[in-house]
Amino acid sequence: MTKSDASPFADPITFAVIKNAFDTIVDEMAYNVMRTARSHIVREVLDYSTTLCDRQGRIVAQAKTVALHLGAVPDAIEAVQAAYGDDLHPGDVVIMNDPYEGGMHLPDIFMFKPVFFDGALQGFTVVVAHHCDMGGRVPGSNASDSTEIFQEGFRVPPLKLYERGEPNKTLFRLFEKNVRVPDLVIGDLLSQYATCRMGERQYLRLFERYGAATVESYIEGLLDYAETMTRREIEAWPDGTYSFTDHIDGDGFSDEPIPIKATITVEGGHLGVDFEGSAPQVKGAINSTLSFVKSASYLSVRCVMDSDAPNNAGVFRCIDVKAPLGSMLNPRLPAAVAARALTGYRIVDTMLGALAQIVPAKVMAAGEGGNTVVCLGGYDKATGEPFILVDMINGAWGGRVDQDGIEGVTNPAQNMSNLPVETLEARYPVRIEEFGYRQDSCGAGKWRGGLGLTRTYRLLAPEAMLQLRSDRTAHAPYGLFGGEPGALTVNILNPDRNAEAVPGKLTRNIEAGDSLCHHQAGGGGYGDPLERDPALVAIDALDEKISRDFARDRHGVVLSDNFMPDTAATAALRAGMRAQRT
C-alpha cells in the first residue's frame, strides 16, 4: 500500500495517530493563546477558540474551548474563500469580524492562516478571540441597547492582516485609531497570529511525515467517521417532530417577552432544526446571526450524544438548521447583534428542552441562562489611561437524571472561567464586596439545580459607564419532569443606599462609590422535589446552600435543631403536600 492510495480504515493505527495528532494540535494552540494573550477576557476568562480546517474549509478538529464559537467557522471561512478565492498565498493571514459576512459579533475576531505544502493549499489554522474593545459608542463594544450595527464598533470584512508574511500596516493603523485600548487589542491579535503560525508548523509536520495524499485521505475518513457515529446515534432516537419554546425577558427597550421556538424533526439518522415561530428581529442588540444559531444548534445536539465522535464537520452533515430571514435568529442588516451571546444561550436552552422529549435521560434542566456580562469602562484617575473591564459571571447547571446541578461552573455552551477577585481588584478600579453562592436560588427537584452566584462591584474610579447584560429576570430557568424552576435573576444598584432595582439589560453612567449587586439565576430542578432524599436536603441546609424554610416548603423536609431530618414529621408533611396536588 502506498501513501497515495491509503484508505482511512486500512490502517487503524495510523488513523488513530492522525486523529489524535489533530486533537493535540488544536489543544496546544489553545494553550498558546492562554500563554500569550494580553487581555484578561482572553487570557483568564478564556473567551477564545482554536480549530483546524482542511483546504475546503471543513473543520477537522476543535479544541476544548468556547463551543459556541466553532460551529460558526464554516460560514466565516466561506466568506474568506468568497473574498479571496485563489488569491491566498504562503504567509497570508486573513481576519474578519463582520456579522453580516460570516461573523458573530464585532468583538469576536476570526483569524485564518492558510497552510501550504509543496506549493498547494492544504488547510487553515483558525483562532477566534473575543477582544475587549472594538470601538463604537460604548466601551467593550458589547452593549445591549445599540440599535444598529454601525453603532457597535469597527467592522472588518475578510481582509489580509498579513500578505505573504508582511504586515498590513494600514489595517493595523486602523485598529490603533478605532479602539480604546489598542495595546490590548493588537496584543491579542498578535497572540492569535503566533498561535496560527504554531498550529501551521504542527499541521505541516503531518504532511511531511505522511504526504499530502495520505493526510487528505485520512481527513476524509475522519469526517466520514464522525458522520457515521452521529447518524448511528440519531437512528436510535424515536422518529417524530418535537417542539419547545423558551423566552428572553426583553431586548432592553421593551419588557415584552421574546420567544425562541425550536422544532426538531428526527428522521432516521438525520435531524432538521427549524426556528419558525421565533420572534422577528428586535430593536436591541440581542439579534443573532444565522451562523451563530447553527453553532448553538450543533452544540446542543453534541451535548446529548453518548458517542465519542470526533468534533469535526462530519457531525454537521447530520443536522440542517434554518431560521426565517428577518427573525432575531437571522436578522437583516443593519440589526444590532453585539449581545447576541445571550440569544445563543437561550437557543441552547430551547434546543435542550426539545431534546428532553427525545432523550430525557441525557438532558439536564435549564442552567442559569448563560453567563452574565458586567462591563465597566472609564479612565484611570491618576494616569488618564482608559480602562475596560469585561467580566463574565459563570453560574450554574440544572439538575440531571441522577445528579444535582453544579454551581460556580461554566455554562455547557462555553468552556470559560470566572475571573478571580484578586485579578479584578489588582487591574481595575473596583472592589468586589461579595462573591459567593446565592442561597435558595436552586430549583427544587429529586435532583436540585445548582446555585446561582452573587457578585457585588463597587466603583473606585471617579466615574464609569456600566453595561449589564443579564437575563432570566422574568422567565426562570425551567425544571424538567416535575422539577421546579430556578430563582430569577435580580440586579440591585447601590444596595447599601437607596437599593434601586435595575433591569437585566442596562447602560448608564455611575460614579465613585456606586455599587452593583448581581444575584444570578439558579438552575432548574430535575424530578419531583418530594422524592429527594431527606439526607441530601439536610446536607444542603447544613452547607447553607438552602435555608430551613426552603427545605420545608420546597422539599417537604422538616429539620431538627442539629439539621437531622425528622422522619415522622417529614413523612406527614410530604403526604399533605402530595394530597394538595390532586
# chains A, B, ... in the order shown; residues from 1 in each chain; ligands from 1

$ residues_around --residues "Leu424 (chain A)" --least-positions-apart "4" --cutoff "10 Å" --atoms "only C-alpha atoms" --output "PDB file with N, CA and C atoms, in the first residue's frame"
ATOM      1  N   HIS A  40      -7.398  40.249  29.817  1.00  0.00           N
ATOM      2  CA  HIS A  40      -7.893  39.238  30.751  1.00  0.00           C
ATOM      3  C   HIS A  40      -9.057  38.463  30.172  1.00  0.00           C
ATOM      4  N   LEU A 389     -13.210  46.991  31.818  1.00  0.00           N
ATOM      5  CA  LEU A 389     -13.408  45.720  32.493  1.00  0.00           C
ATOM      6  C   LEU A 389     -14.594  45.010  31.850  1.00  0.00           C
ATOM      7  N   VAL A 390     -14.354  43.827  31.309  1.00  0.00           N
ATOM      8  CA  VAL A 390     -15.433  42.980  30.796  1.00  0.00           C
ATOM      9  C   VAL A 390     -15.409  41.704  31.622  1.00  0.00           C
ATOM     10  N   ASP A 391     -16.343  41.598  32.546  1.00  0.00           N
ATOM     11  CA  ASP A 391     -16.378  40.450  33.446  1.00  0.00           C
ATOM     12  C   ASP A 391     -17.554  39.555  33.070  1.00  0.00           C
ATOM     13  N   LEU A 419     -13.492  35.190  36.500  1.00  0.00           N
ATOM     14  CA  LEU A 419     -12.288  35.981  36.726  1.00  0.00           C
ATOM     15  C   LEU A 419     -12.034  36.090  38.227  1.00  0.00           C
ATOM     16  N   PRO A 420     -10.838  35.757  38.700  1.00  0.00           N
ATOM     17  CA  PRO A 420     -10.558  35.835  40.135  1.00  0.00           C
ATOM     18  C   PRO A 420     -10.710  37.255  40.673  1.00  0.00           C
ATOM     19  N   TYR A 428      -8.122  46.735  37.995  1.00  0.00           N
ATOM     20  CA  TYR A 428      -9.186  47.676  37.674  1.00  0.00           C
ATOM     21  C   TYR A 428      -9.598  48.454  38.923  1.00  0.00           C
ATOM     22  N   PRO A 429     -10.134  49.653  38.743  1.00  0.00           N
ATOM     23  CA  PRO A 429     -10.543  50.470  39.895  1.00  0.00           C
ATOM     24  C   PRO A 429     -11.894  50.033  40.453  1.00  0.00           C
ATOM     25  N   VAL A 430     -11.949  48.790  40.915  1.00  0.00           N
ATOM     26  CA  VAL A 430     -13.168  48.254  41.520  1.00  0.00           C
ATOM     27  C   VAL A 430     -12.795  47.495  42.793  1.00  0.00           C
ATOM     28  N   ARG A 431     -13.768  47.355  43.672  1.00  0.00           N
ATOM     29  CA  ARG A 431     -13.630  46.493  44.839  1.00  0.00           C
ATOM     30  C   ARG A 431     -14.790  45.496  44.807  1.00  0.00           C
ATOM     31  N   ILE A 432     -14.468  44.205  44.935  1.00  0.00           N
ATOM     32  CA  ILE A 432     -15.506  43.174  44.968  1.00  0.00           C
ATOM     33  C   ILE A 432     -15.880  42.947  46.426  1.00  0.00           C
ATOM     34  N   TYR A 457     -19.965  44.669  42.922  1.00  0.00           N
ATOM     35  CA  TYR A 457     -18.863  45.527  42.488  1.00  0.00           C
ATOM     36  C   TYR A 457     -19.066  46.927  43.066  1.00  0.00           C
TER      37      TYR A 457
END

$ residues_around --residues "region 559-570 of chain A" --least-positions-apart "2" --cutoff "10 Å" --atoms "only C-alpha atoms" --output "list in words"
Leu530, Asp533, Pro534, Ala535, Leu536, Val537, Ala538, Ile539, Asp540, Ala541, Leu542, Arg548, Asp549, Ala551, Arg552, His555, Gly556, Val557, Ala572, Leu573, Arg574, Ala575 and Gly576 of chain A

$ residues_around --residues "Ala79 (chain A)" --least-positions-apart "3" --cutoff "8 Å" --atoms "only C-alpha atoms" --output "VMD selection string"
chain A and resid 75 to 76 82 to 83 101 to 102 158

$ atom_distance --atom1 "CA of Arg231 (chain A)" --atom2 "CA of Asp27 (chain A)"
26.3 Å

$ closest_residue --among "A:Gly504, A:Pro529, A:Gly398, A:Pro477" --to "Ala444 (chain A)" --atoms "only C-alpha atoms"
A:Pro529

$ select_by_dssp --residues "region 413-485 of chain A" --states "strand (DSSP E)" --output "list of chain:residue names"
A:Val430, A:Arg431, A:Ile432, A:Glu433, A:Glu434, A:Phe435, A:Gly436, A:Tyr437, A:Leu453, A:Thr454, A:Arg455, A:Thr456, A:Tyr457, A:Arg458, A:Leu459, A:Glu463, A:Ala464, A:Met465, A:Leu466, A:Gln467, A:Leu468, A:Arg469

$ residues_around --residues "His270 (chain A)" --least-positions-apart "5" --cutoff "9 Å" --atoms "only C-alpha atoms" --output "PyMOL selection string"
chain A and resi 230-231+234-235+265+317-320

$ write_last_selection --atoms "N, CA and C atoms" --output "PDB file, in the first residue's frame"
ATOM      1  N   THR A 230     -22.416   9.807  14.371  1.00  0.00           N
ATOM      2  CA  THR A 230     -23.541  10.690  14.699  1.00  0.00           C
ATOM      3  C   THR A 230     -24.847  10.122  14.171  1.00  0.00           C
ATOM      4  N   ARG A 231     -24.842   9.682  12.921  1.00  0.00           N
ATOM      5  CA  ARG A 231     -26.067   9.120  12.345  1.00  0.00           C
ATOM      6  C   ARG A 231     -26.503   7.864  13.099  1.00  0.00           C
ATOM      7  N   ILE A 234     -28.302   9.013  16.214  1.00  0.00           N
ATOM      8  CA  ILE A 234     -29.605   9.620  15.938  1.00  0.00           C
ATOM      9  C   ILE A 234     -30.611   8.566  15.479  1.00  0.00           C
ATOM     10  N   GLU A 235     -30.145   7.552  14.772  1.00  0.00           N
ATOM     11  CA  GLU A 235     -31.039   6.489  14.309  1.00  0.00           C
ATOM     12  C   GLU A 235     -31.711   5.768  15.471  1.00  0.00           C
ATOM     13  N   THR A 265     -37.016  17.772  14.010  1.00  0.00           N
ATOM     14  CA  THR A 265     -37.576  16.615  13.328  1.00  0.00           C
ATOM     15  C   THR A 265     -36.515  15.535  13.228  1.00  0.00           C
ATOM     16  N   ARG A 317     -22.948  17.398   9.088  1.00  0.00           N
ATOM     17  CA  ARG A 317     -23.657  16.844   7.930  1.00  0.00           C
ATOM     18  C   ARG A 317     -25.005  16.241   8.305  1.00  0.00           C
ATOM     19  N   CYS A 318     -25.148  15.879   9.555  1.00  0.00           N
ATOM     20  CA  CYS A 318     -26.359  15.182  10.004  1.00  0.00           C
ATOM     21  C   CYS A 318     -27.442  16.136  10.488  1.00  0.00           C
ATOM     22  N   ILE A 319     -27.166  17.439  10.498  1.00  0.00           N
ATOM     23  CA  ILE A 319     -28.074  18.413  11.113  1.00  0.00           C
ATOM     24  C   ILE A 319     -28.284  19.584  10.165  1.00  0.00           C
ATOM     25  N   ASP A 320     -29.519  19.832   9.787  1.00  0.00           N
ATOM     26  CA  ASP A 320     -29.865  21.012   8.987  1.00  0.00           C
ATOM     27  C   ASP A 320     -30.549  22.022   9.888  1.00  0.00           C
TER      28      ASP A 320
END

$ closest_residue --among "A:Val502, A:Leu290, A:Ala336, A:Val215" --to "Pro324 (chain A)" --atoms "only C-alpha atoms"
A:Leu290

$ closest_residue --among "A:Leu488, A:Ala464, A:Ile149, A:Ala213" --to "Ala335 (chain A)" --atoms "only C-alpha atoms"
A:Ile149

$ closest_residue --among "A:Asn97, A:Asn168, A:Thr489, A:Ser146" --to "Met134 (chain A)" --atoms "only C-alpha atoms"
A:Asn97

$ closest_residue --among "A:Ser49, A:Ser278, A:Gly353, A:Leu121" --to "Tyr242 (chain A)" --atoms "only C-alpha atoms"
A:Gly353

$ residues_around --residues "Thr245 (chain A)" --least-positions-apart "2" --cutoff "10 Å" --atoms "only C-alpha atoms" --output "JSON, numbers by chain"
{"A": [243, 247, 259, 260, 261, 262, 263, 275, 277, 278, 346, 347, 349, 350, 351, 353, 354]}

$ closest_residue --among "A:His518, A:His130, A:Arg58, A:Lys19" --to "Val33 (chain A)" --atoms "only C-alpha atoms"
A:His130

$ select_by_dssp --residues "region 348-576 of chain A" --states "helix (DSSP H, G or I)" --output "PyMOL selection string"
chain A and resi 348-355+360-362+421-427+529-531+534-542+548-555+567-576

$ atom_distance --atom1 "CA of Arg554 (chain A)" --atom2 "CA of Thr473 (chain A)"
20.7 Å

$ residues_around --residues "Ala194 (chain A)" --least-positions-apart "2" --cutoff "12 Å" --atoms "only C-alpha atoms" --output "PyMOL selection string"
chain A and resi 29-37+93+111-113+125-127+187-192+196-201

$ write_last_selection --atoms "N, CA and C atoms" --output "PDB file, in the first residue's frame"
ATOM      1  N   MET A  29      -2.644  24.767  20.486  1.00  0.00           N
ATOM      2  CA  MET A  29      -2.953  26.128  20.050  1.00  0.00           C
ATOM      3  C   MET A  29      -3.712  26.876  21.152  1.00  0.00           C
ATOM      4  N   ALA A  30      -4.667  26.191  21.777  1.00  0.00           N
ATOM      5  CA  ALA A  30      -5.451  26.838  22.840  1.00  0.00           C
ATOM      6  C   ALA A  30      -4.561  27.247  24.009  1.00  0.00           C
ATOM      7  N   TYR A  31      -3.639  26.376  24.396  1.00  0.00           N
ATOM      8  CA  TYR A  31      -2.717  26.720  25.484  1.00  0.00           C
ATOM      9  C   TYR A  31      -1.820  27.892  25.089  1.00  0.00           C
ATOM     10  N   ASN A  32      -1.451  27.959  23.832  1.00  0.00           N
ATOM     11  CA  ASN A  32      -0.588  29.046  23.384  1.00  0.00           C
ATOM     12  C   ASN A  32      -1.288  30.396  23.488  1.00  0.00           C
ATOM     13  N   VAL A  33      -2.577  30.436  23.142  1.00  0.00           N
ATOM     14  CA  VAL A  33      -3.336  31.679  23.309  1.00  0.00           C
ATOM     15  C   VAL A  33      -3.355  32.080  24.783  1.00  0.00           C
ATOM     16  N   MET A  34      -3.612  31.115  25.647  1.00  0.00           N
ATOM     17  CA  MET A  34      -3.670  31.401  27.078  1.00  0.00           C
ATOM     18  C   MET A  34      -2.345  31.983  27.578  1.00  0.00           C
ATOM     19  N   ARG A  35      -1.241  31.490  27.045  1.00  0.00           N
ATOM     20  CA  ARG A  35       0.077  31.948  27.495  1.00  0.00           C
ATOM     21  C   ARG A  35       0.448  33.321  26.958  1.00  0.00           C
ATOM     22  N   THR A  36      -0.057  33.673  25.774  1.00  0.00           N
ATOM     23  CA  THR A  36       0.463  34.853  25.081  1.00  0.00           C
ATOM     24  C   THR A  36      -0.507  36.020  24.970  1.00  0.00           C
ATOM     25  N   ALA A  37      -1.786  35.819  25.257  1.00  0.00           N
ATOM     26  CA  ALA A  37      -2.761  36.902  25.096  1.00  0.00           C
ATOM     27  C   ALA A  37      -2.498  38.018  26.100  1.00  0.00           C
ATOM     28  N   VAL A  93      -2.441  35.984   6.114  1.00  0.00           N
ATOM     29  CA  VAL A  93      -3.315  35.809   7.274  1.00  0.00           C
ATOM     30  C   VAL A  93      -4.538  36.690   7.050  1.00  0.00           C
ATOM     31  N   MET A 111      -9.443  34.707  12.854  1.00  0.00           N
ATOM     32  CA  MET A 111      -8.177  34.787  12.132  1.00  0.00           C
ATOM     33  C   MET A 111      -7.924  33.441  11.447  1.00  0.00           C
ATOM     34  N   PHE A 112      -7.638  33.501  10.150  1.00  0.00           N
ATOM     35  CA  PHE A 112      -7.370  32.312   9.346  1.00  0.00           C
ATOM     36  C   PHE A 112      -5.977  32.407   8.743  1.00  0.00           C
ATOM     37  N   LYS A 113      -5.186  31.358   8.905  1.00  0.00           N
ATOM     38  CA  LYS A 113      -3.889  31.295   8.236  1.00  0.00           C
ATOM     39  C   LYS A 113      -3.882  30.103   7.295  1.00  0.00           C
ATOM     40  N   THR A 125      -5.284  27.119   9.728  1.00  0.00           N
ATOM     41  CA  THR A 125      -5.327  27.200  11.188  1.00  0.00           C
ATOM     42  C   THR A 125      -6.208  28.391  11.539  1.00  0.00           C
ATOM     43  N   VAL A 126      -7.011  28.245  12.600  1.00  0.00           N
ATOM     44  CA  VAL A 126      -8.039  29.243  12.912  1.00  0.00           C
ATOM     45  C   VAL A 126      -8.025  29.538  14.409  1.00  0.00           C
ATOM     46  N   VAL A 127      -8.042  30.825  14.729  1.00  0.00           N
ATOM     47  CA  VAL A 127      -8.205  31.258  16.123  1.00  0.00           C
ATOM     48  C   VAL A 127      -9.291  32.330  16.153  1.00  0.00           C
ATOM     49  N   GLY A 187      -2.247  43.436  20.909  1.00  0.00           N
ATOM     50  CA  GLY A 187      -1.555  42.353  21.601  1.00  0.00           C
ATOM     51  C   GLY A 187      -2.271  41.024  21.435  1.00  0.00           C
ATOM     52  N   ASP A 188      -3.612  41.035  21.531  1.00  0.00           N
ATOM     53  CA  ASP A 188      -4.368  39.801  21.346  1.00  0.00           C
ATOM     54  C   ASP A 188      -4.353  39.345  19.896  1.00  0.00           C
ATOM     55  N   LEU A 189      -4.369  40.294  18.953  1.00  0.00           N
ATOM     56  CA  LEU A 189      -4.230  39.919  17.542  1.00  0.00           C
ATOM     57  C   LEU A 189      -2.896  39.221  17.289  1.00  0.00           C
ATOM     58  N   LEU A 190      -1.840  39.729  17.895  1.00  0.00           N
ATOM     59  CA  LEU A 190      -0.523  39.111  17.719  1.00  0.00           C
ATOM     60  C   LEU A 190      -0.473  37.740  18.389  1.00  0.00           C
ATOM     61  N   SER A 191      -1.209  37.579  19.491  1.00  0.00           N
ATOM     62  CA  SER A 191      -1.320  36.263  20.110  1.00  0.00           C
ATOM     63  C   SER A 191      -2.018  35.286  19.167  1.00  0.00           C
ATOM     64  N   GLN A 192      -3.088  35.740  18.542  1.00  0.00           N
ATOM     65  CA  GLN A 192      -3.766  34.900  17.557  1.00  0.00           C
ATOM     66  C   GLN A 192      -2.818  34.530  16.415  1.00  0.00           C
ATOM     67  N   CYS A 196      -1.678  30.845  15.290  1.00  0.00           N
ATOM     68  CA  CYS A 196      -1.915  30.302  13.944  1.00  0.00           C
ATOM     69  C   CYS A 196      -0.619  29.780  13.335  1.00  0.00           C
ATOM     70  N   ARG A 197       0.464  30.499  13.537  1.00  0.00           N
ATOM     71  CA  ARG A 197       1.749  30.049  12.993  1.00  0.00           C
ATOM     72  C   ARG A 197       2.221  28.771  13.693  1.00  0.00           C
ATOM     73  N   MET A 198       2.038  28.698  14.983  1.00  0.00           N
ATOM     74  CA  MET A 198       2.411  27.481  15.701  1.00  0.00           C
ATOM     75  C   MET A 198       1.596  26.288  15.209  1.00  0.00           C
ATOM     76  N   GLY A 199       0.288  26.495  15.044  1.00  0.00           N
ATOM     77  CA  GLY A 199      -0.554  25.422  14.523  1.00  0.00           C
ATOM     78  C   GLY A 199      -0.150  25.015  13.115  1.00  0.00           C
ATOM     79  N   GLU A 200       0.224  26.007  12.315  1.00  0.00           N
ATOM     80  CA  GLU A 200       0.674  25.704  10.956  1.00  0.00           C
ATOM     81  C   GLU A 200       1.906  24.791  10.970  1.00  0.00           C
ATOM     82  N   ARG A 201       2.855  25.077  11.829  1.00  0.00           N
ATOM     83  CA  ARG A 201       4.069  24.249  11.893  1.00  0.00           C
ATOM     84  C   ARG A 201       3.728  22.800  12.254  1.00  0.00           C
TER      85      ARG A 201
END

$ residues_around --residues "Gln62 (chain A)" --least-positions-apart "4" --cutoff "9 Å" --atoms "only C-alpha atoms" --output "PyMOL selection string"
chain A and resi 22-23+26-27+49-52+67+70+310-312

$ decode --residues "region 377-394 of chain A" --atoms "N, CA, C and O atoms" --output "PDB file, in the first residue's frame"
ATOM      1  N   GLY A 377     -16.383  50.785  31.951  1.00  0.00           N
ATOM      2  CA  GLY A 377     -15.397  51.489  31.139  1.00  0.00           C
ATOM      3  C   GLY A 377     -15.260  52.931  31.571  1.00  0.00           C
ATOM      4  O   GLY A 377     -16.258  53.624  31.814  1.00  0.00           O
ATOM      5  N   GLY A 378     -14.021  53.384  31.695  1.00  0.00           N
ATOM      6  CA  GLY A 378     -13.775  54.769  32.084  1.00  0.00           C
ATOM      7  C   GLY A 378     -12.301  55.093  31.954  1.00  0.00           C
ATOM      8  O   GLY A 378     -11.598  54.502  31.130  1.00  0.00           O
ATOM      9  N   TYR A 379     -11.834  56.029  32.798  1.00  0.00           N
ATOM     10  CA  TYR A 379     -10.450  56.491  32.705  1.00  0.00           C
ATOM     11  C   TYR A 379      -9.825  56.484  34.098  1.00  0.00           C
ATOM     12  O   TYR A 379     -10.460  56.858  35.086  1.00  0.00           O
ATOM     13  N   ASP A 380      -8.584  56.039  34.146  1.00  0.00           N
ATOM     14  CA  ASP A 380      -7.859  55.988  35.400  1.00  0.00           C
ATOM     15  C   ASP A 380      -7.631  57.392  35.941  1.00  0.00           C
ATOM     16  O   ASP A 380      -7.185  58.288  35.220  1.00  0.00           O
ATOM     17  N   LYS A 381      -7.937  57.600  37.234  1.00  0.00           N
ATOM     18  CA  LYS A 381      -7.844  58.926  37.838  1.00  0.00           C
ATOM     19  C   LYS A 381      -6.408  59.458  37.824  1.00  0.00           C
ATOM     20  O   LYS A 381      -6.172  60.641  37.591  1.00  0.00           O
ATOM     21  N   ALA A 382      -5.431  58.582  38.036  1.00  0.00           N
ATOM     22  CA  ALA A 382      -4.036  59.033  38.156  1.00  0.00           C
ATOM     23  C   ALA A 382      -3.382  59.263  36.801  1.00  0.00           C
ATOM     24  O   ALA A 382      -2.682  60.252  36.600  1.00  0.00           O
ATOM     25  N   THR A 383      -3.606  58.341  35.861  1.00  0.00           N
ATOM     26  CA  THR A 383      -2.883  58.400  34.578  1.00  0.00           C
ATOM     27  C   THR A 383      -3.704  58.933  33.424  1.00  0.00           C
ATOM     28  O   THR A 383      -3.146  59.325  32.399  1.00  0.00           O
ATOM     29  N   GLY A 384      -5.009  58.924  33.563  1.00  0.00           N
ATOM     30  CA  GLY A 384      -5.863  59.319  32.455  1.00  0.00           C
ATOM     31  C   GLY A 384      -6.020  58.244  31.401  1.00  0.00           C
ATOM     32  O   GLY A 384      -6.698  58.449  30.392  1.00  0.00           O
ATOM     33  N   GLU A 385      -5.395  57.075  31.621  1.00  0.00           N
ATOM     34  CA  GLU A 385      -5.486  55.986  30.653  1.00  0.00           C
ATOM     35  C   GLU A 385      -6.859  55.315  30.744  1.00  0.00           C
ATOM     36  O   GLU A 385      -7.438  55.181  31.824  1.00  0.00           O
ATOM     37  N   PRO A 386      -7.393  54.873  29.598  1.00  0.00           N
ATOM     38  CA  PRO A 386      -8.691  54.201  29.636  1.00  0.00           C
ATOM     39  C   PRO A 386      -8.594  52.814  30.259  1.00  0.00           C
ATOM     40  O   PRO A 386      -7.557  52.151  30.186  1.00  0.00           O
ATOM     41  N   PHE A 387      -9.663  52.393  30.896  1.00  0.00           N
ATOM     42  CA  PHE A 387      -9.770  51.007  31.356  1.00  0.00           C
ATOM     43  C   PHE A 387     -11.105  50.451  30.877  1.00  0.00           C
ATOM     44  O   PHE A 387     -12.102  51.167  30.769  1.00  0.00           O
ATOM     45  N   ILE A 388     -11.100  49.180  30.566  1.00  0.00           N
ATOM     46  CA  ILE A 388     -12.329  48.486  30.167  1.00  0.00           C
ATOM     47  C   ILE A 388     -12.344  47.133  30.857  1.00  0.00           C
ATOM     48  O   ILE A 388     -11.541  46.248  30.535  1.00  0.00           O
ATOM     49  N   LEU A 389     -13.210  46.991  31.818  1.00  0.00           N
ATOM     50  CA  LEU A 389     -13.408  45.720  32.493  1.00  0.00           C
ATOM     51  C   LEU A 389     -14.594  45.010  31.850  1.00  0.00           C
ATOM     52  O   LEU A 389     -15.699  45.542  31.823  1.00  0.00           O
ATOM     53  N   VAL A 390     -14.354  43.827  31.309  1.00  0.00           N
ATOM     54  CA  VAL A 390     -15.433  42.980  30.796  1.00  0.00           C
ATOM     55  C   VAL A 390     -15.409  41.704  31.622  1.00  0.00           C
ATOM     56  O   VAL A 390     -14.534  40.852  31.452  1.00  0.00           O
ATOM     57  N   ASP A 391     -16.343  41.598  32.546  1.00  0.00           N
ATOM     58  CA  ASP A 391     -16.378  40.450  33.446  1.00  0.00           C
ATOM     59  C   ASP A 391     -17.554  39.555  33.070  1.00  0.00           C
ATOM     60  O   ASP A 391     -18.662  40.042  32.829  1.00  0.00           O
ATOM     61  N   MET A 392     -17.290  38.270  33.009  1.00  0.00           N
ATOM     62  CA  MET A 392     -18.331  37.295  32.679  1.00  0.00           C
ATOM     63  C   MET A 392     -18.515  36.357  33.855  1.00  0.00           C
ATOM     64  O   MET A 392     -17.575  35.677  34.262  1.00  0.00           O
ATOM     65  N   ILE A 393     -19.720  36.344  34.398  1.00  0.00           N
ATOM     66  CA  ILE A 393     -20.022  35.543  35.585  1.00  0.00           C
ATOM     67  C   ILE A 393     -20.672  34.237  35.141  1.00  0.00           C
ATOM     68  O   ILE A 393     -21.760  34.226  34.563  1.00  0.00           O
ATOM     69  N   ASN A 394     -19.981  33.142  35.396  1.00  0.00           N
ATOM     70  CA  ASN A 394     -20.465  31.814  35.011  1.00  0.00           C
ATOM     71  C   ASN A 394     -21.065  31.129  36.228  1.00  0.00           C
ATOM     72  O   ASN A 394     -20.416  31.043  37.272  1.00  0.00           O
TER      73      ASN A 394
END
